Each structure stands twice: as C-alpha cells, then as structure tokens.
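This is model05.cif. It holds mmCIF, C-alpha atoms.
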data_query
loop_
_atom_site.label_atom_id
_atom_site.label_comp_id
_atom_site.auth_asym_id
_atom_site.auth_seq_id
_atom_site.Cartn_x
_atom_site.Cartn_y
_atom_site.Cartn_z
CA MET Z 161 0.00 0.00 0.00
CA SER Z 162 2.92 2.34 0.63
CA TRP Z 163 4.30 2.06 -2.91
CA PRO Z 164 1.94 4.60 -4.53
CA ILE Z 165 2.80 7.16 -1.83
CA ASP Z 166 6.46 6.51 -2.54
CA LEU Z 167 5.99 7.11 -6.25
CA VAL Z 168 4.00 10.31 -5.73
CA ILE Z 169 6.67 11.72 -3.41
CA LEU Z 170 9.45 10.65 -5.78
CA THR Z 171 7.71 12.48 -8.63
CA PHE Z 172 7.59 15.62 -6.48
CA VAL Z 173 11.29 15.18 -5.65
CA ILE Z 174 12.20 15.04 -9.33
CA PHE Z 175 9.97 18.05 -10.09
CA CYS Z 176 11.63 20.08 -7.34
CA ALA Z 177 15.11 19.05 -8.51
CA ILE Z 178 14.49 20.03 -12.13
CA ALA Z 179 12.76 23.27 -11.11
CA ALA Z 180 15.64 24.17 -8.77
CA ILE Z 181 18.21 24.06 -11.57
CA SER Z 182 16.04 25.71 -14.22
CA VAL Z 183 14.68 28.68 -12.22
CA ARG Z 184 16.68 31.88 -12.81
CA ASP Z 185 15.87 33.55 -9.50
CA LEU Z 186 18.32 32.24 -6.89
CA LEU Z 187 15.96 32.99 -4.00
CA GLY Z 188 13.41 30.73 -5.69
CA THR Z 189 16.09 28.08 -6.05
CA ALA Z 190 16.79 28.22 -2.32
CA ILE Z 191 13.11 27.74 -1.52
CA LEU Z 192 12.85 24.90 -4.06
CA PHE Z 193 15.82 23.19 -2.40
CA GLY Z 194 13.90 23.46 0.87
CA ALA Z 195 10.88 21.83 -0.76
CA TYR Z 196 13.14 19.13 -2.23
CA SER Z 197 14.58 18.40 1.21
CA PHE Z 198 11.13 18.23 2.72
CA MET Z 199 10.00 15.72 0.08
CA MET Z 200 13.10 13.62 0.78
CA CYS Z 201 12.20 13.83 4.48
CA LEU Z 202 8.73 12.47 3.71
CA LEU Z 203 10.32 9.70 1.66
CA TRP Z 204 12.59 8.67 4.54
CA ALA Z 205 9.61 8.72 6.91
CA VAL Z 206 7.59 6.50 4.55
CA MET Z 207 10.50 4.04 4.38
CA GLY Z 208 10.64 3.89 8.18
CA ALA Z 209 13.94 5.71 8.72
CA VAL Z 210 12.52 8.23 11.16
CA ASP Z 211 15.90 9.37 12.50
CA VAL Z 212 17.12 10.22 9.02
CA ALA Z 213 13.80 11.94 8.24
CA PHE Z 214 14.16 14.04 11.38
CA THR Z 215 17.68 15.10 10.43
CA GLU Z 216 16.61 15.88 6.88
CA ALA Z 217 13.69 18.00 8.13
CA SER Z 218 15.76 20.01 10.61
CA VAL Z 219 18.99 20.38 8.63
CA GLY Z 220 17.93 20.11 4.98
CA ALA Z 221 14.58 21.83 5.01
CA GLY Z 222 15.24 24.11 7.97
CA VAL Z 223 18.67 25.50 8.54
CA SER Z 224 20.29 25.02 5.13
CA THR Z 225 17.44 26.94 3.45
CA VAL Z 226 18.10 29.81 5.85
CA PHE Z 227 21.81 29.69 4.99
CA PHE Z 228 21.03 29.73 1.26
CA VAL Z 229 18.67 32.70 1.69
CA ALA Z 230 21.30 34.51 3.76
CA ALA Z 231 23.95 33.88 1.11
CA VAL Z 232 21.60 35.09 -1.67
CA PHE Z 233 20.79 38.18 0.43
CA ARG Z 234 24.49 39.07 0.56
CA THR Z 235 25.37 38.24 -3.08
CA SER Z 236 23.05 38.51 -6.07
CA ARG Z 237 19.64 37.16 -6.91
CA ARG Z 238 20.36 36.57 -10.60
CA THR Z 239 22.30 33.73 -12.16
CA LYS Z 240 24.75 34.41 -14.98
CA ASP Z 241 23.65 31.50 -17.21
CA MET Q 232 28.31 22.95 -24.16
CA LYS Q 233 24.96 22.75 -22.42
CA LEU Q 234 23.88 19.95 -24.75
CA VAL Q 235 27.04 17.96 -23.94
CA GLY Q 236 26.37 18.41 -20.23
CA PHE Q 237 22.77 17.31 -20.67
CA ILE Q 238 23.84 14.16 -22.57
CA ILE Q 239 26.45 13.30 -19.90
CA VAL Q 240 23.87 13.74 -17.13
CA CYS Q 241 21.37 11.54 -18.99
CA LEU Q 242 24.00 8.85 -19.58
CA THR Q 243 25.12 8.83 -15.95
CA GLY Q 244 21.54 8.80 -14.73
CA GLY Q 245 20.71 5.92 -17.08
CA LEU Q 246 23.74 3.94 -15.90
CA LEU Q 247 22.80 4.53 -12.25
CA LEU Q 248 19.20 3.46 -12.90
CA TYR Q 249 20.51 0.37 -14.71
CA GLY Q 250 22.71 -0.35 -11.68
CA THR Q 251 19.84 -0.09 -9.21
CA GLY Q 252 18.13 -2.98 -11.02
CA GLU Q 253 20.71 -5.27 -9.42
CA LEU Q 254 20.17 -3.93 -5.90
CA PRO Q 255 18.30 -6.12 -3.40
CA ALA Q 256 14.66 -5.26 -2.79
CA TRP Q 257 13.78 -2.72 -0.09
CA GLY Q 258 13.78 -4.38 3.35
CA ASP Q 259 15.05 -7.71 1.98
CA PRO Q 260 16.29 -9.79 4.95
CA ASN Q 261 18.72 -11.67 2.69
CA SER Q 262 20.47 -8.58 1.34
CA PRO Q 263 24.21 -8.35 2.14
CA ALA Q 264 23.65 -5.31 4.37
CA SER Q 265 21.32 -7.16 6.73
CA THR Q 266 23.11 -10.51 6.94
CA HIS Q 267 26.34 -9.60 8.77
CA LEU Q 268 26.05 -7.12 11.64
CA SER Q 269 22.41 -6.05 11.52
CA ASP Q 270 21.16 -9.19 13.25
CA ASP Q 271 23.56 -8.68 16.15
CA TYR Q 272 22.56 -5.05 16.53
CA ILE Q 273 18.83 -5.85 16.41
CA THR Q 274 18.97 -8.75 18.85
CA LEU Q 275 21.64 -7.53 21.27
CA ALA Q 276 21.47 -3.72 21.27
CA LEU Q 277 18.68 -3.37 23.81
CA GLU Q 278 20.30 -5.87 26.13
CA GLN Q 279 23.82 -4.47 25.82
CA THR Q 280 23.13 -0.75 25.80
CA GLU Q 281 19.66 -0.44 27.41
CA ALA Q 282 18.80 2.24 24.86
CA PRO Q 283 15.44 1.52 23.16
CA ASN Q 284 16.30 3.55 20.08
CA LEU Q 285 18.52 1.30 18.02
CA VAL Q 286 19.80 4.06 15.75
CA THR Q 287 21.14 6.07 18.68
CA ALA Q 288 22.66 2.92 20.17
CA VAL Q 289 24.60 2.33 16.96
CA LEU Q 290 25.53 5.98 16.43
CA ALA Q 291 26.52 6.95 19.95
CA ASP Q 292 27.77 3.67 21.38
CA TYR Q 293 28.88 1.08 18.81
CA ARG Q 294 30.10 3.78 16.41
CA GLY Q 295 30.80 6.44 19.03
CA PHE Q 296 34.29 7.12 17.72
CA ASP Q 297 32.83 7.86 14.30
CA THR Q 298 30.26 10.29 15.69
CA MET Q 299 32.98 12.07 17.66
CA PHE Q 300 34.74 13.00 14.45
CA GLU Q 301 31.44 14.01 12.86
CA THR Q 302 31.07 16.51 15.68
CA ALA Q 303 34.63 17.64 15.03
CA VAL Q 304 33.74 18.12 11.34
CA VAL Q 305 30.76 20.32 12.27
CA PHE Q 306 33.05 22.31 14.58
CA CYS Q 307 35.57 22.69 11.74
CA ALA Q 308 32.78 23.98 9.47
CA GLY Q 309 32.00 26.72 12.00
CA LEU Q 310 35.69 27.49 12.40
CA ALA Q 311 36.18 27.73 8.63
CA CYS Q 312 33.20 30.09 8.30
CA PHE Q 313 34.61 32.28 11.06
CA LEU Q 314 38.14 32.35 9.63
CA LEU Q 315 37.05 33.00 6.04
CA LEU Q 316 34.30 35.55 6.60
CA ARG Q 317 34.98 37.41 9.85
CA ASP Q 318 35.81 41.05 9.21
CA PHE Q 319 37.11 43.04 12.18
CA ARG Q 320 37.38 46.42 10.45
CA PRO Q 321 35.08 48.98 12.08
CA LYS Q 322 32.15 50.30 10.14
CA LYS Q 323 32.58 53.63 8.35
CA ASP Q 324 29.24 55.20 9.16
CA HIS Q 325 26.54 54.58 11.72
CA TYR Q 326 22.78 54.89 11.58
CA TYR Q 327 20.64 55.79 14.58
CA ARG Q 328 16.97 56.39 15.15
CA HIS Q 329 15.57 58.90 17.62
CA VAL Q 330 12.95 56.75 19.28
CA PRO Q 331 10.31 59.34 20.34
CA THR Q 332 10.19 61.10 16.95
CA GLY Q 333 11.35 58.35 14.57
CA VAL Q 334 13.97 60.64 12.96
CA MET Q 335 16.93 58.79 11.38
CA LEU Q 336 20.49 60.02 12.02
CA HIS Q 337 23.32 59.20 9.63
CA VAL Q 338 26.72 59.72 11.31
CA LYS Q 339 29.48 59.74 8.69
CA ASN Q 340 32.39 60.50 11.04
CA GLU Q 341 33.53 57.11 12.27
CA ALA Q 342 35.09 58.57 15.41
CA ARG Q 343 31.78 59.95 16.65
CA THR Q 344 29.16 57.60 17.99
CA VAL Q 345 25.85 58.25 19.67
CA ARG Q 346 25.19 56.50 22.93
CA THR Q 347 22.24 54.19 22.40
CA GLY Q 348 19.68 53.76 25.10
CA ARG Q 349 16.21 55.05 25.76
CA GLU Q 350 16.48 57.93 23.30
CA PHE Q 351 18.50 56.55 20.37
CA GLU Q 352 18.67 53.04 18.99
CA ASP Q 353 21.03 51.36 16.54
CA MET Q 354 19.79 51.07 12.98
CA ASP Q 355 20.59 49.19 9.78
CA ARG Q 356 21.03 50.84 6.41
CA GLU Q 357 18.03 49.06 4.89
CA TRP Q 358 15.83 49.48 7.91
CA VAL Q 359 12.16 48.61 7.75
CA PRO Q 360 9.95 49.00 10.81
CA SER Q 361 9.75 45.60 12.50
CA ASP Q 362 6.27 44.16 12.35
CA THR Q 363 4.52 43.83 15.71
CA ILE Q 364 2.75 40.62 14.68
CA ILE Q 365 5.98 38.88 13.62
CA LYS Q 366 7.82 40.07 16.72
CA THR Q 367 5.08 38.96 19.09
CA VAL Q 368 4.54 35.58 17.45
CA CYS Q 369 8.27 34.84 17.41
CA ARG Q 370 8.68 35.98 21.02
CA ILE Q 371 5.96 33.52 22.07
CA LEU Q 372 7.20 30.75 19.78
CA ILE Q 373 10.93 30.80 20.54
CA PRO Q 374 10.75 29.41 24.13
CA PHE Q 375 8.60 26.51 22.93
CA ILE Q 376 11.01 25.72 20.11
CA GLN Q 377 13.88 25.76 22.58
CA ILE Q 378 12.11 23.47 25.04
CA TYR Q 379 11.31 21.12 22.16
CA ALA Q 380 15.00 21.15 21.17
CA LEU Q 381 16.01 20.22 24.72
CA TYR Q 382 13.38 17.45 24.67
CA VAL Q 383 14.82 16.08 21.44
CA VAL Q 384 18.34 16.05 22.92
CA ALA Q 385 17.22 14.50 26.20
CA HIS Q 386 15.14 11.76 24.55
CA GLY Q 387 17.75 10.86 21.94
CA ASP Q 388 18.12 7.32 23.29
CA PHE Q 389 14.37 6.68 23.63
CA SER Q 390 12.84 8.19 20.50
CA PRO Q 391 14.04 9.51 17.13
CA GLY Q 392 16.28 12.51 17.47
CA GLY Q 393 19.41 13.22 19.38
CA GLY Q 394 22.12 15.78 19.83
CA PHE Q 395 22.49 16.74 16.20
CA GLN Q 396 18.80 17.36 15.49
CA GLY Q 397 18.19 19.02 18.85
CA GLY Q 398 21.21 21.25 18.38
CA VAL Q 399 20.03 22.33 14.94
CA ILE Q 400 16.54 23.12 16.28
CA PHE Q 401 17.99 25.14 19.17
CA GLY Q 402 20.31 26.99 16.80
CA SER Q 403 17.45 27.78 14.43
CA SER Q 404 15.40 29.20 17.31
CA LEU Q 405 18.23 31.68 17.88
CA ILE Q 406 18.35 32.38 14.14
CA LEU Q 407 14.59 33.05 14.27
CA LEU Q 408 15.29 35.67 16.94
CA ALA Q 409 17.79 37.35 14.61
CA ILE Q 410 15.34 37.27 11.69
CA SER Q 411 12.28 38.52 13.58
CA TYR Q 412 14.04 41.30 15.51
CA ASN Q 413 17.44 42.17 14.05
CA LEU Q 414 20.94 40.76 14.11
CA LYS Q 415 22.11 43.16 16.82
CA THR Q 416 19.52 41.76 19.25
CA LEU Q 417 20.97 38.27 18.82
CA VAL Q 418 24.61 39.38 18.93
CA LYS Q 419 23.93 41.38 22.10
CA ARG Q 420 22.30 38.39 23.83
CA VAL Q 421 24.61 35.66 22.53
CA THR Q 422 28.10 37.08 22.20
CA GLU Q 423 30.67 35.83 19.75
CA LYS Q 424 33.06 34.77 22.51
CA PHE Q 425 30.31 32.73 24.17
CA LEU Q 426 29.53 30.97 20.88
CA GLY Q 427 33.17 30.12 20.26
CA VAL Q 428 33.65 28.77 23.77
CA PHE Q 429 30.34 26.89 23.65
CA SER Q 430 31.10 25.14 20.36
CA SER Q 431 34.53 23.96 21.44
CA LEU Q 432 33.12 23.01 24.85
CA GLY Q 433 30.65 20.70 23.10
CA VAL Q 434 33.44 18.81 21.35
CA LEU Q 435 35.38 18.78 24.62
CA VAL Q 436 32.42 17.22 26.47
CA TYR Q 437 32.33 14.40 23.93
CA VAL Q 438 36.09 13.78 23.96
CA GLY Q 439 36.19 14.23 27.73
CA ILE Q 440 33.57 11.53 28.33
CA GLY Q 441 35.66 9.20 26.19
CA ALA Q 442 38.93 10.14 27.86
CA ILE Q 443 37.59 9.83 31.42
CA ALA Q 444 36.35 6.33 30.55
CA MET Q 445 39.95 5.58 29.57
CA ALA Q 446 41.20 7.02 32.86
CA LEU Q 447 38.75 4.75 34.73
CA GLY Q 448 40.39 1.74 33.12
CA GLY Q 449 38.25 1.04 30.07
CA ASN Q 450 38.50 1.66 26.35
CA PHE Q 451 37.92 5.09 24.81
CA LEU Q 452 34.17 5.93 25.06
CA ASP Q 453 33.44 2.79 27.09
CA TYR Q 454 30.49 4.16 29.09
CA GLY Q 455 30.22 0.99 31.15
CA LYS Q 456 33.24 2.10 33.17
CA TYR Q 457 31.18 4.90 34.75
CA ALA Q 458 29.16 2.32 36.67
CA PRO Q 459 31.04 2.81 39.99
CA ILE Q 460 30.16 6.53 39.95
CA PHE Q 461 26.61 6.65 38.56
CA GLY Q 462 25.39 3.14 39.37
CA GLU Q 463 24.84 0.15 37.14
CA HIS Q 464 21.31 1.10 36.04
CA HIS Q 465 21.11 2.32 32.39
CA ILE Q 466 24.72 3.40 32.52
CA ARG Q 467 25.38 3.10 28.79
CA ALA Q 468 22.22 5.05 27.96
CA LEU Q 469 23.38 7.74 30.39
CA GLY Q 470 26.77 7.86 28.70
CA MET Q 471 25.04 8.28 25.36
CA LEU Q 472 22.97 11.14 26.81
CA GLY Q 473 26.17 12.88 27.93
CA VAL Q 474 27.67 12.50 24.49
CA GLU Q 475 24.47 13.78 22.85
CA ILE Q 476 24.55 16.87 25.05
CA GLY Q 477 28.08 17.54 23.82
CA VAL Q 478 27.00 17.15 20.19
CA GLY Q 479 23.99 19.42 20.80
CA MET Q 480 26.13 22.17 22.32
CA ALA Q 481 28.62 22.10 19.46
CA VAL Q 482 25.95 22.04 16.73
CA THR Q 483 23.86 24.84 18.30
CA ALA Q 484 26.83 27.19 18.49
CA VAL Q 485 28.14 26.30 15.03
CA MET Q 486 24.77 26.90 13.35
CA VAL Q 487 24.52 30.38 14.90
CA ILE Q 488 28.16 31.18 14.04
CA ILE Q 489 27.64 30.19 10.39
CA TYR Q 490 24.40 32.19 10.15
CA ILE Q 491 25.79 35.36 11.72
CA ASN Q 492 28.94 35.31 9.60
CA ILE Q 493 27.14 34.66 6.32
CA VAL Q 494 24.31 37.12 6.76
CA SER Q 495 26.44 40.06 7.91
CA GLU Q 496 29.46 39.31 5.69
CA GLY Q 497 31.47 38.79 8.86
CA ARG Q 498 30.86 42.24 10.36
CA HIS Q 499 28.20 41.14 12.87
CA ASP Q 500 26.28 44.39 12.50
CA GLU Q 501 23.33 44.13 10.17
CA GLY Q 502 21.56 41.18 8.59
CA LEU Q 503 18.28 39.91 7.26
#

As structure tokens, the full file:
Amino acid sequence: MSWPIDLVILTFVIFCAIAAISVRDLLGTAILFGAYSFMMCLLWAVMGAVDVAFTEASVGAGVSTVFFVAAVFRTSRRTKD
Amino acid sequence: MKLVGFIIVCLTGGLLLYGTGELPAWGDPNSPASTHLSDDYITLALEQTEAPNLVTAVLADYRGFDTMFETAVVFCAGLACFLLLRDFRPKKDHYYRHVPTGVMLHVKNEARTVRTGREFEDMDREWVPSDTIIKTVCRILIPFIQIYALYVVAHGDFSPGGGFQGGVIFGSSLILLAISYNLKTLVKRVTEKFLGVFSSLGVLVYVGIGAIAMALGGNFLDYGKYAPIFGEHHIRALGMLGVEIGVGMAVTAVMVIIYINIVSEGRHDEGL
C-alpha cells in the first residue's frame, strides 16, 4: 500500500530538482531546495527511517534553506547563465 | 556545451538506474547489508546498551568514535566560516533612530558615535519597521522551540532525534530571533566569545567523556566504566545522553556562528 505514496513523493522530488536548476531567481532556487529536502524527508519517513527523516527535516529543510537565503541576500539574486 | 552536459547527465543517470536494477529489494532480509552485523545489533542492542532507540545505540555507542569525528567536522565547518568571513574592520558610518520622533540620524564620522539607550537606537542601512505581529509571534514561539529542542536532545536514546537534530533546532530558534528582531539583538544576547567557547566546549564534552572512561580503566568511550560513579542502572544510555549533550552544544553554536557570519558578511552588525 505504501508504494503509490512513494511514487507520488518521488515524482515531487524530481519536479523540485528540475525546477531548482532551471529557475533563474536564486531565491526561488533556495526555496525549491527546501521543498526538495522536505519531500526527501517524507520519503525517509515512509520508508521507516525516522531518525534520518528528522535530520533531513531540521537540517535540509530548515537551517540550510536559511543559509542559502542569507547567502543570496548578501550576493546577487540573478544567475549568470 | 549545455547539450554535452545534458547528454552526460542523462548517460550517468541511465547507468545509475541500470545499476539499481541489481540492488536487493527494499527491506530484503537476505540482502548483504542485513546478513552480517544487523542481526547482532537488532537482537543484542537493547540488552547491551539499554537504549530503546537502536539508531542512537549504533551511532553513539557502537560507532561512538565515528560520531565524535562528525562533531569535530561540524566544529571545523563553523571554524572555517569564522576564519574565512569574519571582518574586524570597524564600520565607516553609523545609523541611529531617535525613538520618540522616529527621525533617522546618519553619522558619517567614524570617530563619533551616539550612545544608544532610551532615546536613540542602533539602525541598519536598509531598515524597515519591524512588524509587531511577527515580533510577538516569534517571542511567544521561541521558548517553545527551545524546550522542544532540549526534549529532542534528552530523549535521543528513547525516540528519534538526538544531539544533532536538537542542536540544529535550538540553533534555528536563535536564528529566528535574529530574523524577527534584528541581528544586533541576537549578537547582544549571545556574544561571539560565548559561541566560540560553547562550540569547542561541546566537542570537549564528547572527547572528555571518552577520555575519562579511559582514565577509569576502560577503552575510549566505554560508558560501562562509569558504573562505579553513577550506578549500574542504564549506565550506557546515560553515557550516550552525555555525548548527545556535547553534540547538541557544538551544533547549536556552530549553526549560529555560520548564520551570523554569512548574513552580515562577517561584520556582525546588520543582517536579514
């Protein structure tokens, strides 16, 4: 029964990954990376690795997004390519 | 060039997908990963370590030496951020706000400063009036986040979580303070010296617990040797708790150090 949930979350993960590298606004990329991390967190939770999911939620979706936003705030919001 | 990159990515992805076809099925009891050590961990961990959470038992006890160096890596990340970004040059000009009238002062002479207090307050260049709703909500929320972080650290050996997650949550509560008020509020409350001492103290707690076990006649990080001092009951789980507290201290301080240095370009004056 858990396989369809897995596939739905995996689709979202791939969407977030492709969107994160194709969006030109770096602030948007930071937020998309946060969404990507959160989807990965859900995936770990579905697979039963709750400790890993917890770490992914706090580090990946939480703090690293803040670091990315802080870095974008101090550099530039536009990519060169 | 982009096309070449795209083709290489597709090829690598295809090869990886082809490789995963050979991997054992998810949760397969006959896979190589679960035939050697996993059985021993699953059957003996509760008996040997008295910690109900198997993951913490493996991370903090069986592989405690490994986790010690992970903590050291986190500490090194904070140190590298500090050394690369910290800028000790004083700011050229200062901004102040006269609190009763709301008039902004721009002092260009770096030798002259205005004493801040009831009448004047420090100001950023891109100052926007802080929102009462955000300030109030964050002021109410931050203590709860911090208590939750302490809960996660303290229950690392009983439920998912542990020093690393708890430390990150505690650090992000402090970052929330800096975002909702301003960076100066955080820097005034949590000084740079305190953060530096706290992060290295965390690593020291971890190494110290290991070294004292050696002094008591056991191996490095052998928590069982603390039994004469703290009693036999749950002694390995207690040792793990001590180690988790060390990890939590180091991670909390390092997260705040990294945030402050990135967001203010190392000047610790104004940020998000």

Next item on the list: Give the residues of chain Q that lie within 9 Å of chain Z; count all atoms listed in the file, and format the answer as a VMD selection string.
Entry: chain Q and resid 257 286 to 287 390 to 393 395 to 397 399 to 400 402 to 403 406 486 489 to 490 493 to 496 502 to 503

Check: Can you tell me how far atom CA of Q:Leu310 sits from atom CA of Q:Val485, in Å to one decimal?
Finding: 8.1 Å

Note to self: With the PyMOL selection byres ((chain Q and resi 323-335) around 6) as the selection, what would be picked from this file? Answer as JSON, numbers by chain, please.
What the structure shows: {"Q": [322, 336, 337, 338, 339, 341, 350, 351, 352, 353, 354]}

Got time to write the residues from that selection, C-alpha atoms, as a PDB file, in the frame of the given file?
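Saved as out11.pdb:
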ATOM      1  CA  LYS Q 322      32.150  50.300  10.140  1.00  0.00           C
ATOM      2  CA  LEU Q 336      20.490  60.020  12.020  1.00  0.00           C
ATOM      3  CA  HIS Q 337      23.320  59.200   9.630  1.00  0.00           C
ATOM      4  CA  VAL Q 338      26.720  59.720  11.310  1.00  0.00           C
ATOM      5  CA  LYS Q 339      29.480  59.740   8.690  1.00  0.00           C
ATOM      6  CA  GLU Q 341      33.530  57.110  12.270  1.00  0.00           C
ATOM      7  CA  GLU Q 350      16.480  57.930  23.300  1.00  0.00           C
ATOM      8  CA  PHE Q 351      18.500  56.550  20.370  1.00  0.00           C
ATOM      9  CA  GLU Q 352      18.670  53.040  18.990  1.00  0.00           C
ATOM     10  CA  ASP Q 353      21.030  51.360  16.540  1.00  0.00           C
ATOM     11  CA  MET Q 354      19.790  51.070  12.980  1.00  0.00           C
TER      12      MET Q 354
END

Next item on the list: Specify as an NGL selection string each residue included when the PyMOL selection byres ((chain Q and resi 456-465) around 12) is applied to this file.
Entry: :Q and (277-283 or 388-389 or 440-455 or 466-473)

Next item on the list: Just give me the gap between atom CA of Q:Phe319 and atom CA of Q:Glu423 in Å, one decimal is fine.
Entry: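 Pair atom CA of Q:Phe319 / atom CA of Q:Glu423 returns 12.3 Å.
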
Shell of 10 Å around Q:Val428, only C-alpha atoms, local chain residues under 4 positions omitted, as a PDB file with C-alpha atoms, keeping the file's coordinate frame:
ATOM      1  CA  GLU Q 423      30.670  35.830  19.750  1.00  0.00           C
ATOM      2  CA  LYS Q 424      33.060  34.770  22.510  1.00  0.00           C
ATOM      3  CA  LEU Q 432      33.120  23.010  24.850  1.00  0.00           C
ATOM      4  CA  GLY Q 433      30.650  20.700  23.100  1.00  0.00           C
ATOM      5  CA  ALA Q 481      28.620  22.100  19.460  1.00  0.00           C
ATOM      6  CA  ALA Q 484      26.830  27.190  18.490  1.00  0.00           C
TER       7      ALA Q 484
END

Next item on the list: For each of Q:Leu381, Q:Ala342, Q:Leu285, Q:Val487, take the minimum atom-to-atom distance to Q:Glu475, counting all atoms listed in the file, then give the residue where this is smallest.
Entry: Q:Leu381

Next item on the list: One decimal, Å: what's the distance from atom CA of Z:Ser197 over to atom CA of Z:Ala177, could you say?
Entry: 9.8 Å

Notebook entry, point to check: From the set Z:Ile169, Z:Pro164, Z:Phe175, Z:Phe193, which residue has the shortest atom-to-atom contact distance to Z:Ala205, counting all atoms listed in the file?
Noted result: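 Looking at the shortest contact to Z:Ala205, the residue is Z:Ile169.
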
For stretch 221-241 of chain Z of the structure just presented, write N, CA and C atoms to a file, as a PDB file, in the first residue's frame.
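Generated file (out_35.pdb):
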ATOM      1  N   ALA Z 221      15.677  20.911   5.304  1.00  0.00           N
ATOM      2  CA  ALA Z 221      14.579  21.826   5.006  1.00  0.00           C
ATOM      3  C   ALA Z 221      14.634  23.065   5.876  1.00  0.00           C
ATOM      4  N   GLY Z 222      15.241  22.979   7.060  1.00  0.00           N
ATOM      5  CA  GLY Z 222      15.243  24.114   7.972  1.00  0.00           C
ATOM      6  C   GLY Z 222      16.441  25.017   7.805  1.00  0.00           C
ATOM      7  N   VAL Z 223      17.546  24.590   8.406  1.00  0.00           N
ATOM      8  CA  VAL Z 223      18.674  25.504   8.541  1.00  0.00           C
ATOM      9  C   VAL Z 223      19.362  25.789   7.216  1.00  0.00           C
ATOM     10  N   SER Z 224      19.507  24.759   6.343  1.00  0.00           N
ATOM     11  CA  SER Z 224      20.289  25.024   5.131  1.00  0.00           C
ATOM     12  C   SER Z 224      19.546  25.983   4.212  1.00  0.00           C
ATOM     13  N   THR Z 225      18.192  25.956   4.234  1.00  0.00           N
ATOM     14  CA  THR Z 225      17.440  26.939   3.452  1.00  0.00           C
ATOM     15  C   THR Z 225      17.734  28.348   3.949  1.00  0.00           C
ATOM     16  N   VAL Z 226      17.795  28.495   5.281  1.00  0.00           N
ATOM     17  CA  VAL Z 226      18.102  29.809   5.847  1.00  0.00           C
ATOM     18  C   VAL Z 226      19.488  30.266   5.421  1.00  0.00           C
ATOM     19  N   PHE Z 227      20.455  29.326   5.407  1.00  0.00           N
ATOM     20  CA  PHE Z 227      21.811  29.688   4.985  1.00  0.00           C
ATOM     21  C   PHE Z 227      21.831  30.117   3.516  1.00  0.00           C
ATOM     22  N   PHE Z 228      21.085  29.371   2.680  1.00  0.00           N
ATOM     23  CA  PHE Z 228      21.031  29.734   1.261  1.00  0.00           C
ATOM     24  C   PHE Z 228      20.444  31.130   1.091  1.00  0.00           C
ATOM     25  N   VAL Z 229      19.318  31.392   1.816  1.00  0.00           N
ATOM     26  CA  VAL Z 229      18.674  32.699   1.688  1.00  0.00           C
ATOM     27  C   VAL Z 229      19.617  33.792   2.165  1.00  0.00           C
ATOM     28  N   ALA Z 230      20.349  33.517   3.260  1.00  0.00           N
ATOM     29  CA  ALA Z 230      21.301  34.512   3.763  1.00  0.00           C
ATOM     30  C   ALA Z 230      22.396  34.775   2.750  1.00  0.00           C
ATOM     31  N   ALA Z 231      22.880  33.703   2.099  1.00  0.00           N
ATOM     32  CA  ALA Z 231      23.946  33.875   1.105  1.00  0.00           C
ATOM     33  C   ALA Z 231      23.431  34.642  -0.098  1.00  0.00           C
ATOM     34  N   VAL Z 232      22.184  34.355  -0.536  1.00  0.00           N
ATOM     35  CA  VAL Z 232      21.604  35.090  -1.667  1.00  0.00           C
ATOM     36  C   VAL Z 232      21.423  36.549  -1.300  1.00  0.00           C
ATOM     37  N   PHE Z 233      20.999  36.803  -0.059  1.00  0.00           N
ATOM     38  CA  PHE Z 233      20.792  38.177   0.427  1.00  0.00           C
ATOM     39  C   PHE Z 233      22.076  38.986   0.339  1.00  0.00           C
ATOM     40  N   ARG Z 234      23.220  38.347   0.571  1.00  0.00           N
ATOM     41  CA  ARG Z 234      24.488  39.072   0.564  1.00  0.00           C
ATOM     42  C   ARG Z 234      25.186  39.051  -0.790  1.00  0.00           C
ATOM     43  N   THR Z 235      24.716  38.248  -1.762  1.00  0.00           N
ATOM     44  CA  THR Z 235      25.368  38.242  -3.080  1.00  0.00           C
ATOM     45  C   THR Z 235      24.388  38.789  -4.113  1.00  0.00           C
ATOM     46  N   SER Z 236      23.991  37.988  -5.090  1.00  0.00           N
ATOM     47  CA  SER Z 236      23.045  38.511  -6.067  1.00  0.00           C
ATOM     48  C   SER Z 236      21.935  37.496  -6.289  1.00  0.00           C
ATOM     49  N   ARG Z 237      20.799  38.044  -6.726  1.00  0.00           N
ATOM     50  CA  ARG Z 237      19.641  37.157  -6.909  1.00  0.00           C
ATOM     51  C   ARG Z 237      19.585  36.555  -8.288  1.00  0.00           C
ATOM     52  N   ARG Z 238      20.430  37.046  -9.220  1.00  0.00           N
ATOM     53  CA  ARG Z 238      20.357  36.572 -10.597  1.00  0.00           C
ATOM     54  C   ARG Z 238      21.490  35.606 -10.879  1.00  0.00           C
ATOM     55  N   THR Z 239      21.198  34.569 -11.702  1.00  0.00           N
ATOM     56  CA  THR Z 239      22.299  33.729 -12.159  1.00  0.00           C
ATOM     57  C   THR Z 239      22.869  34.311 -13.431  1.00  0.00           C
ATOM     58  N   LYS Z 240      24.110  33.893 -13.760  1.00  0.00           N
ATOM     59  CA  LYS Z 240      24.750  34.407 -14.985  1.00  0.00           C
ATOM     60  C   LYS Z 240      24.293  33.598 -16.199  1.00  0.00           C
ATOM     61  N   ASP Z 241      23.995  32.301 -16.034  1.00  0.00           N
ATOM     62  CA  ASP Z 241      23.651  31.502 -17.211  1.00  0.00           C
ATOM     63  C   ASP Z 241      22.164  31.171 -17.261  1.00  0.00           C
TER      64      ASP Z 241
END
